[in-house]
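Content type PDB, C-alpha atoms and all ligand atoms, from the file entry_32.pdb:
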ATOM      1  CA  MET A 471      95.649  71.645 104.032
ATOM      2  CA  GLU A 472      97.294  70.618 107.303
ATOM      3  CA  SER A 473     101.054  70.171 107.700
ATOM      4  CA  SER A 474     100.358  66.576 108.700
ATOM      5  CA  ASP A 475      98.784  65.973 105.263
ATOM      6  CA  ILE A 476     102.129  66.620 103.541
ATOM      7  CA  ARG A 477     104.608  65.815 106.305
ATOM      8  CA  ASP A 478     107.314  64.408 103.976
ATOM      9  CA  GLU A 479     107.305  67.631 101.894
ATOM     10  CA  LEU A 480     108.196  69.832 104.886
ATOM     11  CA  THR A 481     111.201  69.884 107.186
ATOM     12  CA  ASP A 482     109.935  72.196 109.893
ATOM     13  CA  ILE A 483     106.792  74.050 110.902
ATOM     14  CA  LEU A 484     107.900  77.622 111.581
ATOM     15  CA  VAL A 485     104.620  79.265 112.548
ATOM     16  CA  THR A 486     101.450  77.342 113.326
ATOM     17  CA  GLU A 487      97.945  78.336 112.304
ATOM     18  CA  LYS A 488      97.169  79.153 115.947
ATOM     19  CA  GLU A 489     100.255  81.365 116.305
ATOM     20  CA  ILE A 490      99.310  83.188 113.099
ATOM     21  CA  GLN A 491      95.764  83.846 114.255
ATOM     22  CA  ASP A 492      96.885  85.004 117.705
ATOM     23  CA  LYS A 493      99.449  87.354 116.172
ATOM     24  CA  LEU A 494      96.966  88.794 113.683
ATOM     25  CA  ARG A 495      94.520  89.540 116.492
ATOM     26  CA  GLU A 496      97.334  91.321 118.367
ATOM     27  CA  LEU A 497      98.289  93.357 115.293
ATOM     28  CA  ALA A 498      94.629  94.129 114.571
ATOM     29  CA  ALA A 499      94.175  95.549 118.071
ATOM     30  CA  ARG A 500      97.140  97.885 117.504
ATOM     31  CA  ILE A 501      95.822  98.893 114.096
ATOM     32  CA  ASP A 502      92.343  99.585 115.495
ATOM     33  CA  GLU A 503      93.891 101.830 118.115
ATOM     34  CA  ASP A 504      96.292 103.613 115.768
ATOM     35  CA  TYR A 505      93.636 104.313 113.150
ATOM     36  CA  ALA A 506      90.741 105.167 115.475
ATOM     37  CA  GLY A 507      88.529 107.759 113.777
ATOM     38  CA  LYS A 508      90.366 107.394 110.480
ATOM     39  CA  ASP A 509      89.229 105.890 107.226
ATOM     40  CA  VAL A 510      91.692 103.097 106.388
ATOM     41  CA  LEU A 511      92.382 101.543 103.025
ATOM     42  CA  LEU A 512      93.951  98.102 103.264
ATOM     43  CA  VAL A 513      95.939  97.273 100.152
ATOM     44  CA  GLY A 514      96.735  93.594  99.659
ATOM     45  CA  VAL A 515      99.554  92.553  97.359
ATOM     46  CA  LEU A 516      98.417  89.567  95.300
ATOM     47  CA  LYS A 517      98.586  86.693  95.519
ATOM     48  CA  GLY A 518     100.462  85.896  98.705
ATOM     49  CA  ALA A 519      98.632  88.397 100.902
ATOM     50  CA  VAL A 520      95.171  86.910 100.355
ATOM     51  CA  MET A 521      95.166  84.864 103.578
ATOM     52  CA  VAL A 522      96.666  87.621 105.748
ATOM     53  CA  MET A 523      94.219  90.142 104.364
ATOM     54  CA  ALA A 524      91.229  87.873 104.986
ATOM     55  CA  ASP A 525      92.159  87.108 108.582
ATOM     56  CA  LEU A 526      93.600  90.498 109.546
ATOM     57  CA  ALA A 527      90.621  92.398 108.129
ATOM     58  CA  ARG A 528      88.185  90.181 110.026
ATOM     59  CA  SER A 529      90.122  90.684 113.260
ATOM     60  CA  LEU A 530      89.690  94.452 113.039
ATOM     61  CA  CYS A 531      86.823  96.078 114.919
ATOM     62  CA  GLY A 532      86.702  99.228 112.813
ATOM     63  CA  HIS A 533      85.477  99.774 109.261
ATOM     64  CA  VAL A 534      88.047  99.392 106.497
ATOM     65  CA  GLN A 535      88.076  99.363 102.745
ATOM     66  CA  MET A 536      90.110  96.844 100.792
ATOM     67  CA  ASP A 537      91.858  97.066  97.486
ATOM     68  CA  TRP A 538      94.347  94.854  95.667
ATOM     69  CA  MET A 539      97.457  95.296  93.648
ATOM     70  CA  ALA A 540      99.232  92.652  91.578
ATOM     71  CA  VAL A 541     102.863  93.226  90.726
ATOM     72  CA  SER A 542     105.697  91.189  89.361
ATOM     73  CA  SER A 543     109.395  91.768  89.267
ATOM     74  CA  TYR A 544     111.158  91.834  85.964
ATOM     75  CA  GLY A 545     114.424  92.995  84.474
ATOM     76  CA  ALA A 546     117.875  91.500  84.986
ATOM     77  CA  GLY A 547     116.173  88.126  84.754
ATOM     78  CA  THR A 548     115.676  87.645  88.478
ATOM     79  CA  LYS A 549     112.754  87.965  90.834
ATOM     80  CA  SER A 550     114.679  90.293  93.102
ATOM     81  CA  SER A 551     115.737  92.841  90.523
ATOM     82  CA  GLY A 552     113.691  95.504  92.275
ATOM     83  CA  VAL A 553     112.133  96.573  88.990
ATOM     84  CA  VAL A 554     108.429  96.032  89.313
ATOM     85  CA  GLN A 555     105.696  95.760  86.748
ATOM     86  CA  ILE A 556     102.087  96.465  87.668
ATOM     87  CA  ARG A 557      99.874  93.573  86.577
ATOM     88  CA  LYS A 558      96.742  94.866  88.296
ATOM     89  CA  ASP A 559      96.550  98.387  89.593
ATOM     90  CA  LEU A 560      94.414  99.669  92.452
ATOM     91  CA  ASP A 561      90.814 100.602  91.785
ATOM     92  CA  SER A 562      91.057 103.359  94.408
ATOM     93  CA  ASP A 563      92.427 106.870  94.235
ATOM     94  CA  LEU A 564      94.974 107.189  97.053
ATOM     95  CA  THR A 565      94.770 110.968  97.379
ATOM     96  CA  ASN A 566      94.497 111.852 101.080
ATOM     97  CA  ARG A 567      93.910 108.209 102.031
ATOM     98  CA  HIS A 568      95.392 106.411 105.015
ATOM     99  CA  VAL A 569      96.897 103.368 103.323
ATOM    100  CA  LEU A 570      97.984 100.195 105.085
ATOM    101  CA  ILE A 571      99.788  97.785 102.776
ATOM    102  CA  VAL A 572      99.190  94.163 103.756
ATOM    103  CA  GLU A 573     101.884  91.650 102.821
ATOM    104  CA  ASP A 574     102.552  88.020 103.600
ATOM    105  CA  ILE A 575     106.327  88.390 103.594
ATOM    106  CA  ILE A 576     109.166  90.862 103.292
ATOM    107  CA  ASP A 577     112.047  88.981 101.730
ATOM    108  CA  SER A 578     114.586  91.241  99.987
ATOM    109  CA  GLY A 579     112.257  94.205 100.600
ATOM    110  CA  LEU A 580     112.514  95.280  96.970
ATOM    111  CA  THR A 581     108.824  94.847  96.132
ATOM    112  CA  LEU A 582     107.722  96.978  99.065
ATOM    113  CA  SER A 583     110.418  99.533  98.499
ATOM    114  CA  TRP A 584     109.064 100.071  94.990
ATOM    115  CA  LEU A 585     105.433 100.041  96.144
ATOM    116  CA  LEU A 586     106.061 102.583  98.894
ATOM    117  CA  GLU A 587     107.675 104.967  96.460
ATOM    118  CA  ASN A 588     104.886 104.429  93.949
ATOM    119  CA  PHE A 589     102.143 105.031  96.542
ATOM    120  CA  GLU A 590     103.883 108.127  97.904
ATOM    121  CA  SER A 591     103.686 109.678  94.457
ATOM    122  CA  ARG A 592      99.903 109.172  94.483
ATOM    123  CA  GLY A 593      99.300 111.614  97.329
ATOM    124  CA  ALA A 594      98.290 109.324 100.200
ATOM    125  CA  ALA A 595      97.870 110.995 103.601
ATOM    126  CA  SER A 596      99.825 108.169 105.253
ATOM    127  CA  ILE A 597     101.306 104.840 104.213
ATOM    128  CA  GLU A 598     102.229 102.031 106.582
ATOM    129  CA  VAL A 599     103.068  98.374 106.128
ATOM    130  CA  CYS A 600     101.772  95.266 107.872
ATOM    131  CA  ALA A 601     103.656  92.057 107.040
ATOM    132  CA  LEU A 602     103.042  88.710 108.665
ATOM    133  CA  LEU A 603     106.601  87.521 108.030
ATOM    134  CA  ARG A 604     109.957  89.158 107.570
ATOM    135  CA  LYS A 605     113.342  87.640 106.727
ATOM    136  CA  PRO A 606     115.929  90.019 108.236
ATOM    137  CA  ASP A 607     118.847  88.047 106.770
ATOM    138  CA  ALA A 608     117.501  88.399 103.215
ATOM    139  CA  ALA A 609     117.035  92.178 103.312
ATOM    140  CA  LYS A 610     118.562  94.124 100.430
ATOM    141  CA  VAL A 611     116.806  97.315 101.420
ATOM    142  CA  GLN A 612     115.453  98.306 104.805
ATOM    143  CA  ILE A 613     111.690  98.679 104.931
ATOM    144  CA  ASP A 614     110.023 100.701 107.630
ATOM    145  CA  CYS A 615     107.374  98.149 108.580
ATOM    146  CA  LYS A 616     105.169  99.276 111.462
ATOM    147  CA  TYR A 617     103.341  95.995 111.977
ATOM    148  CA  VAL A 618     105.414  92.790 111.763
ATOM    149  CA  GLY A 619     104.172  89.363 112.744
ATOM    150  CA  PHE A 620     107.271  87.187 112.876
ATOM    151  CA  ASP A 621     110.934  87.484 111.953
ATOM    152  CA  ILE A 622     111.958  84.184 110.404
ATOM    153  CA  PRO A 623     115.215  82.657 109.159
ATOM    154  CA  ASN A 624     116.208  82.928 105.507
ATOM    155  CA  GLU A 625     114.764  79.587 104.446
ATOM    156  CA  PHE A 626     112.405  78.457 101.704
ATOM    157  CA  VAL A 627     109.048  78.822 103.400
ATOM    158  CA  VAL A 628     105.589  77.998 102.116
ATOM    159  CA  GLY A 629     102.038  78.105 103.386
ATOM    160  CA  TYR A 630      99.444  80.630 104.453
ATOM    161  CA  GLY A 631      99.587  82.310 101.047
ATOM    162  CA  LEU A 632     103.242  81.586 100.272
ATOM    163  CA  ASP A 633     103.785  79.284  97.339
ATOM    164  CA  PHE A 634     106.270  77.130  95.564
ATOM    165  CA  ALA A 635     105.254  76.857  91.881
ATOM    166  CA  GLU A 636     101.758  78.042  92.889
ATOM    167  CA  ARG A 637     101.302  75.176  95.339
ATOM    168  CA  TYR A 638     101.193  75.208  99.163
ATOM    169  CA  ARG A 639      99.325  78.537  99.422
ATOM    170  CA  ASN A 640      96.453  76.668 101.088
ATOM    171  CA  LEU A 641      98.649  75.128 103.779
ATOM    172  CA  ARG A 642      97.384  76.402 107.140
ATOM    173  CA  ASP A 643     100.824  76.773 108.783
ATOM    174  CA  VAL A 644     104.008  78.439 107.586
ATOM    175  CA  ALA A 645     106.594  75.720 107.055
ATOM    176  CA  VAL A 646     110.030  75.091 105.568
ATOM    177  CA  LEU A 647     109.854  73.237 102.276
ATOM    178  CA  ALA A 648     111.929  70.063 102.086
ATOM    179  CA  PRO A 649     114.819  70.448  99.610
ATOM    180  CA  HIS A 650     113.816  67.316  97.671
ATOM    181  CA  VAL A 651     110.644  69.151  96.573
ATOM    182  CA  TYR A 652     112.456  71.993  94.800
ATOM    183  CA  SER A 653     115.879  70.608  93.913
TER     184      SER A 653
HETATM  185  C1  LIG B 701     106.204  87.547  97.324
HETATM  186  C2  LIG B 701     105.524  88.229  98.504
HETATM  187  C3  LIG B 701     105.966  89.662  98.359
HETATM  188  C4  LIG B 701     107.322  89.544  97.711
HETATM  189  C5  LIG B 701     108.380  89.746  98.739
HETATM  190  O1  LIG B 701     105.417  87.698  96.192
HETATM  191  O2  LIG B 701     104.132  88.086  98.463
HETATM  192  O3  LIG B 701     105.072  90.399  97.543
HETATM  193  O4  LIG B 701     107.440  88.229  97.163
HETATM  194  O5  LIG B 701     109.654  89.594  98.173
HETATM  195  P1  LIG B 701     110.733  90.754  98.190
HETATM  196  O6  LIG B 701     110.737  91.357  99.553
HETATM  197  O7  LIG B 701     112.027  90.014  97.877
HETATM  198  O8  LIG B 701     110.409  91.746  97.130
HETATM  199  P2  LIG B 701     105.711  86.940  94.823
HETATM  200  O9  LIG B 701     106.439  87.850  93.892
HETATM  201  O10 LIG B 701     106.356  85.609  95.106
HETATM  202  O11 LIG B 701     104.252  86.738  94.229
HETATM  203  P3  LIG B 701     102.973  86.029  94.909
HETATM  204  O12 LIG B 701     102.533  86.885  96.073
HETATM  205  O13 LIG B 701     101.960  85.996  93.812
HETATM  206  O14 LIG B 701     103.392  84.645  95.355
END
As structure tokens, how would this structure be written, given the file I've shared?
Amino acid sequence: MESSDIRDELTDILVTEKEIQDKLRELAARIDEDYAGKDVLLVGVLKGAVMVMADLARSLCGHVQMDWMAVSSYGAGTKSSGVVQIRKDLDSDLTNRHVLIVEDIIDSGLTLSWLLENFESRGAASIEVCALLRKPDAAKVQIDCKYVGFDIPNEFVVGYGLDFAERYRNLRDVAVLAPHVYS
């Protein structure tokens, strides 16, 4: 889906498909260099990270393995409670693995904060984070993210894996959703 296909549902295109692909190639080059000679396990956090994982992994020159985790926040009735429930766990044993978590976005940071702590307890040799997007103004906890694509304003963004009510994930760009769509 192109932004032009749903122009009246968006107010602004924040990051274009081309900018995303260029940035992922840049990040992939750094990752290839940093992990040279190491066996890397990319862990994608479903569902938003599907697009980033697909394009980042294919931009890498070195061998990688991929695994997936599905989590959801619960407790206190809000998405950003920071209490996370595992809906699908990893298939892999993380003991002595070099893990790179792949995320579409760091919003409050609570999901990653929980994941990092959880993965640390599983005995990984190293754990780093690669996130395409980050909202600095929404941070409730600071996440040490080694590979960041773009810092974006604290707005309701969709596309490239990010959804509103499970729609817009297949939009090629990252765009701001028009208020009339969600209000
Ligand atoms: C999104 C995103 C991150 C998380 C970030 O997932 O993919 O996993 O929220 O938010 P946080 O920094 O405030 O914790 P979401 O829970 O919307 O599920 P989805 O990936 O299936 O859309």
For Tyr505 (chain A): contacts at 12 Å, only C-alpha atoms, fewer than 5 positions along chain excluded, given as a compact mmCIF listing (two decimals) with C-alpha atoms, in the frame of the given file:
# COMPACT_ATOMS: atom_id res chain seq x y z
CA ALA A 498 94.63 94.13 114.57
CA ALA A 499 94.18 95.55 118.07
CA ARG A 500 97.14 97.88 117.50
CA VAL A 510 91.69 103.10 106.39
CA LEU A 511 92.38 101.54 103.02
CA LEU A 512 93.95 98.10 103.26
CA LEU A 530 89.69 94.45 113.04
CA CYS A 531 86.82 96.08 114.92
CA GLY A 532 86.70 99.23 112.81
CA HIS A 533 85.48 99.77 109.26
CA VAL A 534 88.05 99.39 106.50
CA ARG A 567 93.91 108.21 102.03
CA HIS A 568 95.39 106.41 105.02
CA VAL A 569 96.90 103.37 103.32
CA LEU A 570 97.98 100.20 105.08
CA SER A 596 99.82 108.17 105.25
CA ILE A 597 101.31 104.84 104.21
CA GLU A 598 102.23 102.03 106.58
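In this structure, CA of Asp574 (chain A) sits 22.0 Å away from CA of Ala594 (chain A).
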Query raised in the report: From the list A:Ile622, A:Ile613, A:Leu580, A:Val628, which residue is nearest ligand LIG 701 (chain B) when using all atoms listed in the file?
Result: A:Leu580
Query raised in the report: Care to translate the PyMOL selection byres (((not hetatm)) within 10 of (chain B and resi 701)) into actual residues of this file, as an MDAnalysis selection string?
Result: chainID A and resid 514:520 539:543 549:554 572:585 601 603:605 608:613 628 631:637 639
Do you have, as CSV, the list of residues of region 508-624 of chain A lying at most 9 Å from region 490-494 of chain A, each with its nearest atom pair and that distance in Å to one decimal, counting all atoms listed in the file and ordered by chain then number?
residue,atom,partner,partner_atom,distance
A:Val522,CA,A:Leu494,CA,8.0
A:Asp525,CA,A:Leu494,CA,7.2
A:Leu526,CA,A:Leu494,CA,5.6
A:Ser529,CA,A:Leu494,CA,7.1
A:Leu602,CA,A:Leu494,CA,7.9
A:Gly619,CA,A:Lys493,CA,6.2
A:Phe620,CA,A:Lys493,CA,8.5
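Interatomic distance, CA of Asn640 (chain A) against CA of Asp614 (chain A): 28.4 Å.
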